[in-house]
>>> print(open('coords.pdb').read())   # PDB, C-alpha atoms
ATOM      1  CA  ASP A 318      95.936 107.616  75.911  1.00  0.00           C
ATOM      2  CA  THR A 319      95.525 110.099  78.751  1.00  0.00           C
ATOM      3  CA  GLY A 320      97.384 112.970  77.102  1.00  0.00           C
ATOM      4  CA  ASN A 321     100.162 115.381  77.814  1.00  0.00           C
ATOM      5  CA  THR A 322     100.453 117.682  80.795  1.00  0.00           C
ATOM      6  CA  MET A 323     102.704 120.698  80.995  1.00  0.00           C
ATOM      7  CA  THR A 324     103.296 122.848  84.065  1.00  0.00           C
ATOM      8  CA  LEU A 325     102.909 126.442  82.938  1.00  0.00           C
ATOM      9  CA  MET A 326     103.724 128.084  86.257  1.00  0.00           C
ATOM     10  CA  GLU A 327     104.841 127.304  89.787  1.00  0.00           C
ATOM     11  CA  GLU A 328     103.460 129.880  92.186  1.00  0.00           C
ATOM     12  CA  GLU A 329     104.513 130.537  95.776  1.00  0.00           C
ATOM     13  CA  ILE A 330     101.719 130.775  98.333  1.00  0.00           C
ATOM     14  CA  CYS A 331     102.307 133.126 101.275  1.00  0.00           C
ATOM     15  CA  LEU A 332     100.192 134.410 104.139  1.00  0.00           C
ATOM     16  CA  ALA A 333      98.730 137.912 104.175  1.00  0.00           C
ATOM     17  CA  LEU A 334      98.217 139.218 107.694  1.00  0.00           C
ATOM     18  CA  PRO A 335      96.887 142.428 109.224  1.00  0.00           C
ATOM     19  CA  VAL A 336      99.707 144.609 110.598  1.00  0.00           C
ATOM     20  CA  SER A 337      98.039 144.306 114.008  1.00  0.00           C
ATOM     21  CA  ASN A 338      98.847 140.568 114.075  1.00  0.00           C
ATOM     22  CA  PRO A 339     102.111 139.827 115.962  1.00  0.00           C
ATOM     23  CA  LEU A 340     103.092 137.285 113.269  1.00  0.00           C
ATOM     24  CA  SER A 341     103.184 140.110 110.695  1.00  0.00           C
ATOM     25  CA  ASN A 342     106.491 141.332 112.151  1.00  0.00           C
ATOM     26  CA  ARG A 343     108.262 138.173 110.996  1.00  0.00           C
ATOM     27  CA  ARG A 344     109.795 137.687 107.567  1.00  0.00           C
ATOM     28  CA  GLU A 345     108.679 134.056 107.414  1.00  0.00           C
ATOM     29  CA  ILE A 346     106.816 131.627 109.633  1.00  0.00           C
ATOM     30  CA  SER A 347     106.047 127.953 109.872  1.00  0.00           C
ATOM     31  CA  LEU A 348     102.427 127.396 108.867  1.00  0.00           C
ATOM     32  CA  ALA A 349     101.866 125.668 112.230  1.00  0.00           C
ATOM     33  CA  ASP A 350     102.493 129.075 113.885  1.00  0.00           C
ATOM     34  CA  ALA A 351      99.229 130.296 112.321  1.00  0.00           C
ATOM     35  CA  ALA A 352      97.148 127.362 113.587  1.00  0.00           C
ATOM     36  CA  GLY A 353      95.067 129.418 116.042  1.00  0.00           C
ATOM     37  CA  GLU A 354      94.522 132.389 113.735  1.00  0.00           C
ATOM     38  CA  PRO A 355      91.189 133.159 112.008  1.00  0.00           C
ATOM     39  CA  PHE A 356      91.437 132.453 108.265  1.00  0.00           C
ATOM     40  CA  ILE A 357      89.674 134.127 105.372  1.00  0.00           C
ATOM     41  CA  CYS A 358      89.478 131.340 102.786  1.00  0.00           C
ATOM     42  CA  LEU A 359      88.250 130.775  99.279  1.00  0.00           C
ATOM     43  CA  HIS A 360      84.966 128.904  98.958  1.00  0.00           C
ATOM     44  CA  LYS A 361      85.296 125.136  99.214  1.00  0.00           C
ATOM     45  CA  GLY A 362      85.708 123.518  95.822  1.00  0.00           C
ATOM     46  CA  LYS A 363      87.679 126.426  94.321  1.00  0.00           C
ATOM     47  CA  GLY A 364      91.076 125.513  92.819  1.00  0.00           C
ATOM     48  CA  LEU A 365      93.286 126.978  95.544  1.00  0.00           C
ATOM     49  CA  ARG A 366      91.193 125.893  98.546  1.00  0.00           C
ATOM     50  CA  PRO A 367      91.950 122.131  98.437  1.00  0.00           C
ATOM     51  CA  VAL A 368      95.650 122.971  98.076  1.00  0.00           C
ATOM     52  CA  THR A 369      95.725 125.288 101.103  1.00  0.00           C
ATOM     53  CA  ASP A 370      93.558 122.929 103.166  1.00  0.00           C
ATOM     54  CA  GLU A 371      96.084 120.166 102.454  1.00  0.00           C
ATOM     55  CA  TYR A 372      99.011 122.368 103.515  1.00  0.00           C
ATOM     56  CA  CYS A 373      97.188 123.086 106.785  1.00  0.00           C
ATOM     57  CA  ARG A 374      96.595 119.349 107.276  1.00  0.00           C
ATOM     58  CA  ILE A 375     100.342 118.740 106.753  1.00  0.00           C
ATOM     59  CA  ALA A 376     101.029 121.458 109.355  1.00  0.00           C
ATOM     60  CA  GLY A 377      98.712 119.662 111.791  1.00  0.00           C
ATOM     61  CA  PHE A 378      95.549 121.741 111.813  1.00  0.00           C
ATOM     62  CA  SER A 379      92.351 122.586 109.974  1.00  0.00           C
ATOM     63  CA  PRO A 380      92.126 126.321 109.211  1.00  0.00           C
ATOM     64  CA  PRO A 381      89.583 128.012 111.491  1.00  0.00           C
ATOM     65  CA  THR A 382      87.647 129.720 108.708  1.00  0.00           C
ATOM     66  CA  ILE A 383      85.978 132.933 109.830  1.00  0.00           C
ATOM     67  CA  LEU A 384      84.840 133.960 106.340  1.00  0.00           C
ATOM     68  CA  GLU A 385      84.875 132.723 102.733  1.00  0.00           C
ATOM     69  CA  SER A 386      85.305 134.992  99.706  1.00  0.00           C
ATOM     70  CA  ASP A 387      86.531 134.602  96.132  1.00  0.00           C
ATOM     71  CA  SER A 388      87.345 138.285  95.609  1.00  0.00           C
ATOM     72  CA  PRO A 389      91.015 139.253  96.109  1.00  0.00           C
ATOM     73  CA  GLY A 390      89.935 142.864  96.739  1.00  0.00           C
ATOM     74  CA  THR A 391      87.456 141.844  99.427  1.00  0.00           C
ATOM     75  CA  VAL A 392      90.025 139.545 101.032  1.00  0.00           C
ATOM     76  CA  ARG A 393      92.596 142.384 101.091  1.00  0.00           C
ATOM     77  CA  GLU A 394      90.084 144.768 102.710  1.00  0.00           C
ATOM     78  CA  LEU A 395      89.116 142.219 105.357  1.00  0.00           C
ATOM     79  CA  ILE A 396      92.764 141.524 106.192  1.00  0.00           C
ATOM     80  CA  ALA A 397      93.477 145.279 106.411  1.00  0.00           C
ATOM     81  CA  LEU A 398      90.533 145.624 108.834  1.00  0.00           C
ATOM     82  CA  GLY A 399      92.065 142.911 111.044  1.00  0.00           C
ATOM     83  CA  VAL A 400      89.335 140.314 110.445  1.00  0.00           C
ATOM     84  CA  GLY A 401      91.802 137.493 109.745  1.00  0.00           C
ATOM     85  CA  LEU A 402      94.626 136.254 107.569  1.00  0.00           C
ATOM     86  CA  ALA A 403      94.614 134.543 104.187  1.00  0.00           C
ATOM     87  CA  PHE A 404      96.675 132.441 101.832  1.00  0.00           C
ATOM     88  CA  ILE A 405      97.899 134.548  98.932  1.00  0.00           C
ATOM     89  CA  PRO A 406      99.169 133.160  95.610  1.00  0.00           C
ATOM     90  CA  MET A 407     101.934 135.667  94.863  1.00  0.00           C
ATOM     91  CA  VAL A 408     101.600 135.938  91.083  1.00  0.00           C
ATOM     92  CA  SER A 409      97.882 135.691  90.419  1.00  0.00           C
ATOM     93  CA  TRP A 410      96.900 137.866  93.419  1.00  0.00           C
ATOM     94  CA  GLN A 411      99.506 140.595  92.871  1.00  0.00           C
ATOM     95  CA  GLY A 412      99.018 143.860  94.691  1.00  0.00           C
ATOM     96  CA  MET A 413      98.098 142.461  98.111  1.00  0.00           C
ATOM     97  CA  ASP A 414     101.247 144.027  99.554  1.00  0.00           C
ATOM     98  CA  LYS A 415     100.284 147.532  98.381  1.00  0.00           C
ATOM     99  CA  ASP A 416      97.992 148.125 101.371  1.00  0.00           C
ATOM    100  CA  PRO A 417      99.972 149.526 104.352  1.00  0.00           C
ATOM    101  CA  ASN A 418      97.693 147.596 106.733  1.00  0.00           C
ATOM    102  CA  VAL A 419      98.586 144.222 105.187  1.00  0.00           C
ATOM    103  CA  ARG A 420     101.858 142.301 105.531  1.00  0.00           C
ATOM    104  CA  ILE A 421     102.916 139.395 103.332  1.00  0.00           C
ATOM    105  CA  VAL A 422     104.838 136.695 105.209  1.00  0.00           C
ATOM    106  CA  LYS A 423     106.556 133.726 103.553  1.00  0.00           C
ATOM    107  CA  ILE A 424     105.767 130.227 104.790  1.00  0.00           C
ATOM    108  CA  SER A 425     108.944 128.320 105.633  1.00  0.00           C
ATOM    109  CA  GLU A 426     107.363 124.964 106.468  1.00  0.00           C
ATOM    110  CA  PRO A 427     105.771 123.299 104.582  1.00  0.00           C
ATOM    111  CA  ARG A 428     106.919 124.877 101.351  1.00  0.00           C
ATOM    112  CA  CYS A 429     103.608 126.111  99.933  1.00  0.00           C
ATOM    113  CA  ARG A 430     103.300 126.177  96.164  1.00  0.00           C
ATOM    114  CA  ARG A 431     100.646 125.622  93.584  1.00  0.00           C
ATOM    115  CA  TYR A 432     101.021 124.684  89.953  1.00  0.00           C
ATOM    116  CA  VAL A 433      99.130 125.913  86.920  1.00  0.00           C
ATOM    117  CA  ASN A 434      98.997 123.036  84.433  1.00  0.00           C
ATOM    118  CA  MET A 435      97.729 122.592  80.903  1.00  0.00           C
ATOM    119  CA  THR A 436      96.623 119.157  79.693  1.00  0.00           C
ATOM    120  CA  TRP A 437      95.697 117.966  76.212  1.00  0.00           C
ATOM    121  CA  ARG A 438      95.014 114.632  74.548  1.00  0.00           C
ATOM    122  CA  LYS A 439      97.769 113.288  72.329  1.00  0.00           C
ATOM    123  CA  SER A 440      95.798 111.131  69.942  1.00  0.00           C
ATOM    124  CA  GLU A 441      92.811 113.333  69.096  1.00  0.00           C
ATOM    125  CA  TYR A 442      92.604 115.855  66.316  1.00  0.00           C
ATOM    126  CA  VAL A 443      93.529 119.347  67.521  1.00  0.00           C
ATOM    127  CA  SER A 444      92.288 122.335  65.542  1.00  0.00           C
ATOM    128  CA  ARG A 445      94.689 125.024  64.404  1.00  0.00           C
ATOM    129  CA  ALA A 446      93.014 127.459  66.811  1.00  0.00           C
ATOM    130  CA  ALA A 447      93.635 125.075  69.728  1.00  0.00           C
ATOM    131  CA  VAL A 448      97.282 124.637  68.699  1.00  0.00           C
ATOM    132  CA  LEU A 449      97.702 128.419  68.520  1.00  0.00           C
ATOM    133  CA  MET A 450      96.019 128.847  71.915  1.00  0.00           C
ATOM    134  CA  ARG A 451      98.306 126.220  73.470  1.00  0.00           C
ATOM    135  CA  LYS A 452     101.350 127.976  71.953  1.00  0.00           C
ATOM    136  CA  TYR A 453     100.128 131.356  73.216  1.00  0.00           C
ATOM    137  CA  LEU A 454      99.601 130.034  76.770  1.00  0.00           C
ATOM    138  CA  ILE A 455     103.050 128.440  76.844  1.00  0.00           C
ATOM    139  CA  GLU A 456     104.672 131.693  75.689  1.00  0.00           C
ATOM    140  CA  PHE A 457     102.556 133.841  78.041  1.00  0.00           C
ATOM    141  CA  PHE A 458     103.436 131.806  81.122  1.00  0.00           C
ATOM    142  CA  SER A 459     107.062 131.533  80.023  1.00  0.00           C
ATOM    143  CA  ASP A 460     107.248 135.347  79.895  1.00  0.00           C
ATOM    144  CA  ALA A 461     105.420 135.683  83.244  1.00  0.00           C
ATOM    145  CA  SER A 462     107.456 133.024  85.058  1.00  0.00           C
ATOM    146  CA  GLY A 463     109.979 135.610  86.227  1.00  0.00           C
ATOM    147  CA  LEU A 464     107.238 137.150  88.402  1.00  0.00           C
ATOM    148  CA  SER A 465     106.909 134.150  90.708  1.00  0.00           C
ATOM    149  CA  GLU A 466     110.267 134.437  92.449  1.00  0.00           C
TER     150      GLU A 466
END
>>> encode(input="coords.pdb", output="structure tokens")
Amino acid sequence: DTGNTMTLMEEEICLALPVSNPLSNRREISLADAAGEPFICLHKGKGLRPVTDEYCRIAGFSPPTILESDSPGTVRELIALGVGLAFIPMVSWQGMDKDPNVRIVKISEPRCRRYVNMTWRKSEYVSRAAVLMRKYLIEFFSDASGLSE
């Protein structure tokens, strides 16, 4: 018995670019168009990094990582300064588009998404607190799901 898995949220991943980057003038780009650009990435092993590395592999390149950071604020500042571009999960990293020196560009190919899942075992005892937490998470993400599109 491996358990149940429920997708709580599907989240679009876009690129955040400095306004000085010529690609920032486009509404959407193919990820392959960014192949030669310097990337600011999350540290290897973090949840989003393997996902974005795989999308780059599908697009035919390995992201030339100029810097690694796990702080959305630091990433935004570095993009605004023109250091590089970054993958941005649109719901969980809200506010990236508030800086006038940063542009958010959709990725047309491949379609870049990530999924927030919750998994639990079916056959084991689940405490009332765990049941309530599961219910809360389902309701929370259900209410927030309108933010992702």
>>> resolve_selection(input="coords.pdb", expression="the PyMOL selection byres ((chain A and resi 370) around 12)", output="number ranges by chain")
A: 348, 352, 356, 358-369, 371-382, 403-404, 429
>>> resolve_selection(input="coords.pdb", expression="the PyMOL selection byres ((chain A and resi 325) around 10)", output="ChimeraX atom specification")
/A:322-324,326-328,432-435,454-459,461-462
>>> write_last_selection(input="coords.pdb", atoms="C-alpha atoms", output="short mmCIF file (atom, residue, chain, number, x, y, z; two decimals), in the frame of the given file")
data_model
loop_
_atom_site.label_atom_id
_atom_site.label_comp_id
_atom_site.auth_asym_id
_atom_site.auth_seq_id
_atom_site.Cartn_x
_atom_site.Cartn_y
_atom_site.Cartn_z
CA THR A 322 100.45 117.68 80.80
CA MET A 323 102.70 120.70 81.00
CA THR A 324 103.30 122.85 84.06
CA MET A 326 103.72 128.08 86.26
CA GLU A 327 104.84 127.30 89.79
CA GLU A 328 103.46 129.88 92.19
CA TYR A 432 101.02 124.68 89.95
CA VAL A 433 99.13 125.91 86.92
CA ASN A 434 99.00 123.04 84.43
CA MET A 435 97.73 122.59 80.90
CA LEU A 454 99.60 130.03 76.77
CA ILE A 455 103.05 128.44 76.84
CA GLU A 456 104.67 131.69 75.69
CA PHE A 457 102.56 133.84 78.04
CA PHE A 458 103.44 131.81 81.12
CA SER A 459 107.06 131.53 80.02
CA ALA A 461 105.42 135.68 83.24
CA SER A 462 107.46 133.02 85.06
#
>>> closest_residue(input="coords.pdb", among="A:Leu332, A:Ile396, A:Ile405, A:Val448", to="Ile346 in chain A", atoms="all atoms listed in the file")
A:Leu332
>>> atom_distance(input="coords.pdb", atom1="CA of Asp416 in chain A", atom2="CA of Arg393 in chain A")
7.9 Å
>>> atom_distance(input="coords.pdb", atom1="CA of Gln411 in chain A", atom2="CA of Leu449 in chain A")
27.3 Å
>>> closest_residue(input="coords.pdb", among="A:Ala349, A:Ile357, A:Val400, A:Pro417", to="Ser388 in chain A", atoms="only C-alpha atoms")
A:Ile357
>>> atom_distance(input="coords.pdb", atom1="CA of Met407 in chain A", atom2="CA of Ile421 in chain A")
9.3 Å
>>> closest_residue(input="coords.pdb", among="A:Lys415, A:Val392, A:Val408, A:Ser341", to="Arg430 in chain A", atoms="all atoms listed in the file")
A:Val408
>>> closest_residue(input="coords.pdb", among="A:Glu354, A:Met450, A:Tyr442, A:Leu402", to="Arg420 in chain A", atoms="only C-alpha atoms")
A:Leu402
>>> closest_residue(input="coords.pdb", among="A:Asp387, A:Glu426, A:Glu441, A:Glu394", to="Pro335 in chain A", atoms="all atoms listed in the file")
A:Glu394
>>> resolve_selection(input="coords.pdb", expression="the PyMOL selection byres ((chain A and resi 437) around 10)", output="number ranges by chain")
A: 319-323, 435-436, 438-441, 443, 447, 451
>>> build_atoms(input="coords.pdb", residues="range 328-357 of chain A", atoms="N, CA and C atoms", output="mmCIF file, keeping the file's coordinate frame")
data_model
loop_
_atom_site.group_PDB
_atom_site.id
_atom_site.type_symbol
_atom_site.label_atom_id
_atom_site.label_comp_id
_atom_site.auth_asym_id
_atom_site.auth_seq_id
_atom_site.Cartn_x
_atom_site.Cartn_y
_atom_site.Cartn_z
ATOM 1 N N GLU A 328 103.763 128.642 91.485
ATOM 2 C CA GLU A 328 103.460 129.880 92.186
ATOM 3 C C GLU A 328 103.595 129.699 93.694
ATOM 4 N N GLU A 329 104.360 130.578 94.328
ATOM 5 C CA GLU A 329 104.513 130.537 95.776
ATOM 6 C C GLU A 329 103.227 131.031 96.441
ATOM 7 N N ILE A 330 102.863 130.363 97.529
ATOM 8 C CA ILE A 330 101.719 130.775 98.333
ATOM 9 C C ILE A 330 102.258 131.287 99.664
ATOM 10 N N CYS A 331 101.892 132.505 100.019
ATOM 11 C CA CYS A 331 102.307 133.126 101.275
ATOM 12 C C CYS A 331 101.075 133.392 102.128
ATOM 13 N N LEU A 332 101.299 133.977 103.299
ATOM 14 C CA LEU A 332 100.192 134.410 104.139
ATOM 15 C C LEU A 332 100.135 135.932 104.127
ATOM 16 N N ALA A 333 98.947 136.481 104.028
ATOM 17 C CA ALA A 333 98.730 137.912 104.175
ATOM 18 C C ALA A 333 98.073 138.120 105.531
ATOM 19 N N LEU A 334 98.687 138.988 106.333
ATOM 20 C CA LEU A 334 98.217 139.218 107.694
ATOM 21 C C LEU A 334 97.969 140.700 107.931
ATOM 22 N N PRO A 335 97.034 141.025 108.839
ATOM 23 C CA PRO A 335 96.887 142.428 109.224
ATOM 24 C C PRO A 335 98.128 142.869 110.006
ATOM 25 N N VAL A 336 98.521 144.122 109.882
ATOM 26 C CA VAL A 336 99.707 144.609 110.598
ATOM 27 C C VAL A 336 99.531 144.494 112.104
ATOM 28 N N SER A 337 98.298 144.432 112.572
ATOM 29 C CA SER A 337 98.039 144.306 114.008
ATOM 30 C C SER A 337 98.371 142.912 114.542
ATOM 31 N N ASN A 338 98.542 141.934 113.655
ATOM 32 C CA ASN A 338 98.847 140.568 114.075
ATOM 33 C C ASN A 338 100.334 140.459 114.409
ATOM 34 N N PRO A 339 100.693 139.940 115.583
ATOM 35 C CA PRO A 339 102.111 139.827 115.962
ATOM 36 C C PRO A 339 102.954 139.014 114.962
ATOM 37 N N LEU A 340 102.344 138.077 114.257
ATOM 38 C CA LEU A 340 103.092 137.285 113.269
ATOM 39 C C LEU A 340 103.516 138.127 112.066
ATOM 40 N N SER A 341 102.875 139.277 111.865
ATOM 41 C CA SER A 341 103.184 140.110 110.695
ATOM 42 C C SER A 341 104.557 140.769 110.798
ATOM 43 N N ASN A 342 105.157 140.745 111.968
ATOM 44 C CA ASN A 342 106.491 141.332 112.151
ATOM 45 C C ASN A 342 107.606 140.395 111.710
ATOM 46 N N ARG A 343 107.255 139.157 111.385
ATOM 47 C CA ARG A 343 108.262 138.173 110.996
ATOM 48 C C ARG A 343 108.363 138.107 109.482
ATOM 49 N N ARG A 344 109.565 137.802 109.009
ATOM 50 C CA ARG A 344 109.795 137.687 107.567
ATOM 51 C C ARG A 344 109.193 136.407 107.010
ATOM 52 N N GLU A 345 109.294 135.325 107.793
ATOM 53 C CA GLU A 345 108.679 134.056 107.414
ATOM 54 C C GLU A 345 108.290 133.297 108.665
ATOM 55 N N ILE A 346 107.293 132.422 108.506
ATOM 56 C CA ILE A 346 106.816 131.627 109.633
ATOM 57 C C ILE A 346 106.565 130.202 109.170
ATOM 58 N N SER A 347 106.543 129.304 110.125
ATOM 59 C CA SER A 347 106.047 127.953 109.872
ATOM 60 C C SER A 347 104.526 128.057 109.839
ATOM 61 N N LEU A 348 103.879 127.331 108.957
ATOM 62 C CA LEU A 348 102.427 127.396 108.867
ATOM 63 C C LEU A 348 101.780 126.997 110.191
ATOM 64 N N ALA A 349 102.404 126.093 110.931
ATOM 65 C CA ALA A 349 101.866 125.668 112.230
ATOM 66 C C ALA A 349 101.748 126.846 113.194
ATOM 67 N N ASP A 350 102.573 127.880 113.028
ATOM 68 C CA ASP A 350 102.493 129.075 113.885
ATOM 69 C C ASP A 350 101.170 129.812 113.713
ATOM 70 N N ALA A 351 100.494 129.616 112.603
ATOM 71 C CA ALA A 351 99.229 130.296 112.321
ATOM 72 C C ALA A 351 98.015 129.444 112.678
ATOM 73 N N ALA A 352 98.234 128.319 113.334
ATOM 74 C CA ALA A 352 97.148 127.362 113.587
ATOM 75 C C ALA A 352 95.968 127.959 114.343
ATOM 76 N N GLY A 353 96.171 128.866 115.260
ATOM 77 C CA GLY A 353 95.067 129.418 116.042
ATOM 78 C C GLY A 353 94.472 130.685 115.473
ATOM 79 N N GLU A 354 94.962 131.133 114.334
ATOM 80 C CA GLU A 354 94.522 132.389 113.735
ATOM 81 C C GLU A 354 93.241 132.209 112.921
ATOM 82 N N PRO A 355 92.382 133.237 112.866
ATOM 83 C CA PRO A 355 91.189 133.159 112.008
ATOM 84 C C PRO A 355 91.580 133.332 110.543
ATOM 85 N N PHE A 356 91.108 132.441 109.691
ATOM 86 C CA PHE A 356 91.437 132.453 108.265
ATOM 87 C C PHE A 356 90.275 132.961 107.429
ATOM 88 N N ILE A 357 90.600 133.759 106.428
ATOM 89 C CA ILE A 357 89.674 134.127 105.372
ATOM 90 C C ILE A 357 90.053 133.220 104.202
#
